[in-house]
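For reference, run-v2.txt is printed below; it contains compact mmCIF, C-alpha atoms.
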# COMPACT_ATOMS: atom_id res chain seq x y z
CA MET D 401 -3.66 -8.81 -3.88
CA LEU D 402 0.10 -8.68 -3.46
CA ILE D 403 2.79 -6.12 -4.03
CA LYS D 404 6.18 -6.46 -2.40
CA VAL D 405 9.65 -5.02 -2.57
CA LYS D 406 12.03 -7.57 -4.07
CA GLY D 407 15.14 -5.50 -3.57
CA ILE D 408 16.68 -2.08 -3.11
CA VAL D 409 19.93 -1.04 -4.77
CA GLU D 410 21.80 2.14 -3.90
CA LEU D 411 22.98 3.96 -7.02
CA GLU D 412 26.21 5.91 -7.41
CA ASP D 413 24.39 9.22 -7.00
CA GLY D 414 22.98 8.13 -3.62
CA SER D 415 19.46 7.51 -4.90
CA LYS D 416 17.79 4.13 -4.59
CA ASP D 417 16.40 1.77 -7.22
CA ILE D 418 13.50 -0.28 -5.83
CA ASP D 419 12.44 -3.51 -7.54
CA PHE D 420 8.78 -4.45 -6.98
CA GLU D 421 6.86 -7.65 -7.55
CA ALA D 422 3.08 -7.53 -8.07
CA ASP D 423 0.56 -10.26 -8.69
CA GLU D 424 -2.07 -10.21 -11.44
CA GLU D 425 -4.77 -9.09 -8.99
CA PHE D 426 -2.79 -5.97 -8.04
CA ILE D 427 -2.00 -5.22 -11.67
CA ALA D 428 -5.69 -5.51 -12.62
CA TRP D 429 -6.69 -3.27 -9.66
CA PHE D 430 -4.03 -0.69 -10.54
CA LYS D 431 -5.04 -0.55 -14.20
CA GLN D 432 -8.71 -0.15 -13.26
CA LYS D 433 -8.01 2.51 -10.61
CA HIS D 434 -5.97 4.56 -13.07
CA ASN D 435 -8.13 3.88 -16.15
CA LEU D 436 -5.30 2.12 -17.99
CA LYS D 437 -5.65 -0.43 -20.78
CA ARG D 438 -2.05 -1.59 -20.33
CA TRP D 439 0.40 -1.62 -17.45
CA SER D 440 2.25 1.69 -17.17
CA ARG D 441 5.59 1.59 -15.39
CA LYS D 442 5.74 5.39 -15.49
CA ARG D 443 2.30 5.72 -13.83
CA PHE D 444 3.22 3.07 -11.24
CA GLU D 445 6.44 4.93 -10.38
CA LYS D 446 4.44 8.15 -9.93
CA PHE D 447 1.94 6.27 -7.72
CA VAL D 448 4.75 4.88 -5.54
CA MET D 449 6.50 8.25 -5.23
CA GLU D 450 3.25 9.96 -4.19
CA ALA D 451 2.61 7.25 -1.58
CA LEU D 452 6.16 7.55 -0.20
CA ARG D 453 5.92 11.34 0.01
CA LYS D 454 2.62 11.11 1.90
CA ALA D 455 4.00 8.48 4.27
CA ALA D 456 7.12 10.57 4.94
CA ALA D 457 4.99 13.66 5.64
CA ARG D 458 2.82 11.70 8.10
CA LYS D 459 5.92 10.39 9.83
CA ARG D 460 7.39 13.89 10.15
CA GLU D 461 4.08 15.12 11.65
CA GLU D 462 4.03 12.21 14.11
CA ASP D 463 7.64 12.85 15.12
CA ALA D 464 6.99 16.57 15.58
CA GLY D 465 4.10 15.80 17.91
CA THR D 466 6.16 13.67 20.28
Would you kindly transcribe this structure into structure tokens?
Amino acid sequence: MLIKVKGIVELEDGSKDIDFEADEEFIAWFKQKHNLKRWSRKRFEKFVMEALRKAAARKREEDAGT
């Protein structure tokens, strides 16, 4: 199963646009996990944002403990 970041572009407003690449195994897993019949870019974006928020919160907690 493979998912990787192909590139990151900074937009004029300071936000970032992240381009991902995923293999068929990841896509099949994602669709099954989220009960999807078809790939949903919107659901994938929500999944990524939730994961990034959780990772950032963990990092802040780790940094606060040191």
Neighbours of point (9.1, -6.2, -3.2) within 8 Å, using all atoms listed in the file, written as a ChimeraX atom specification: /D:403-407,418-422
- Task: Please write as a PyMOL selection string the list of polymer residues whose atoms come within 10 Å of (13.6, 4.1, -11.9), counting only C-alpha atoms and keeping to the coordinates of the file.
- Result: chain D and resi 415-419+441-442+445
Can those selected residues be exported to a file as a CSV table (one decimal), in the frame of the given file so that it contains C-alpha atoms?
chain,number,residue,atom,x,y,z
D,415,SER,CA,19.5,7.5,-4.9
D,416,LYS,CA,17.8,4.1,-4.6
D,417,ASP,CA,16.4,1.8,-7.2
D,418,ILE,CA,13.5,-0.3,-5.8
D,419,ASP,CA,12.4,-3.5,-7.5
D,441,ARG,CA,5.6,1.6,-15.4
D,442,LYS,CA,5.7,5.4,-15.5
D,445,GLU,CA,6.4,4.9,-10.4
- Long-range neighbours of D:Met401 as a ChimeraX atom specification, 9 Å cut-off, all atoms listed in the file, 2 positions minimum in chain: /D:403,422-427,429
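Atom CA of D:Leu402 is found 18.2 Å from atom CA of D:Met449.
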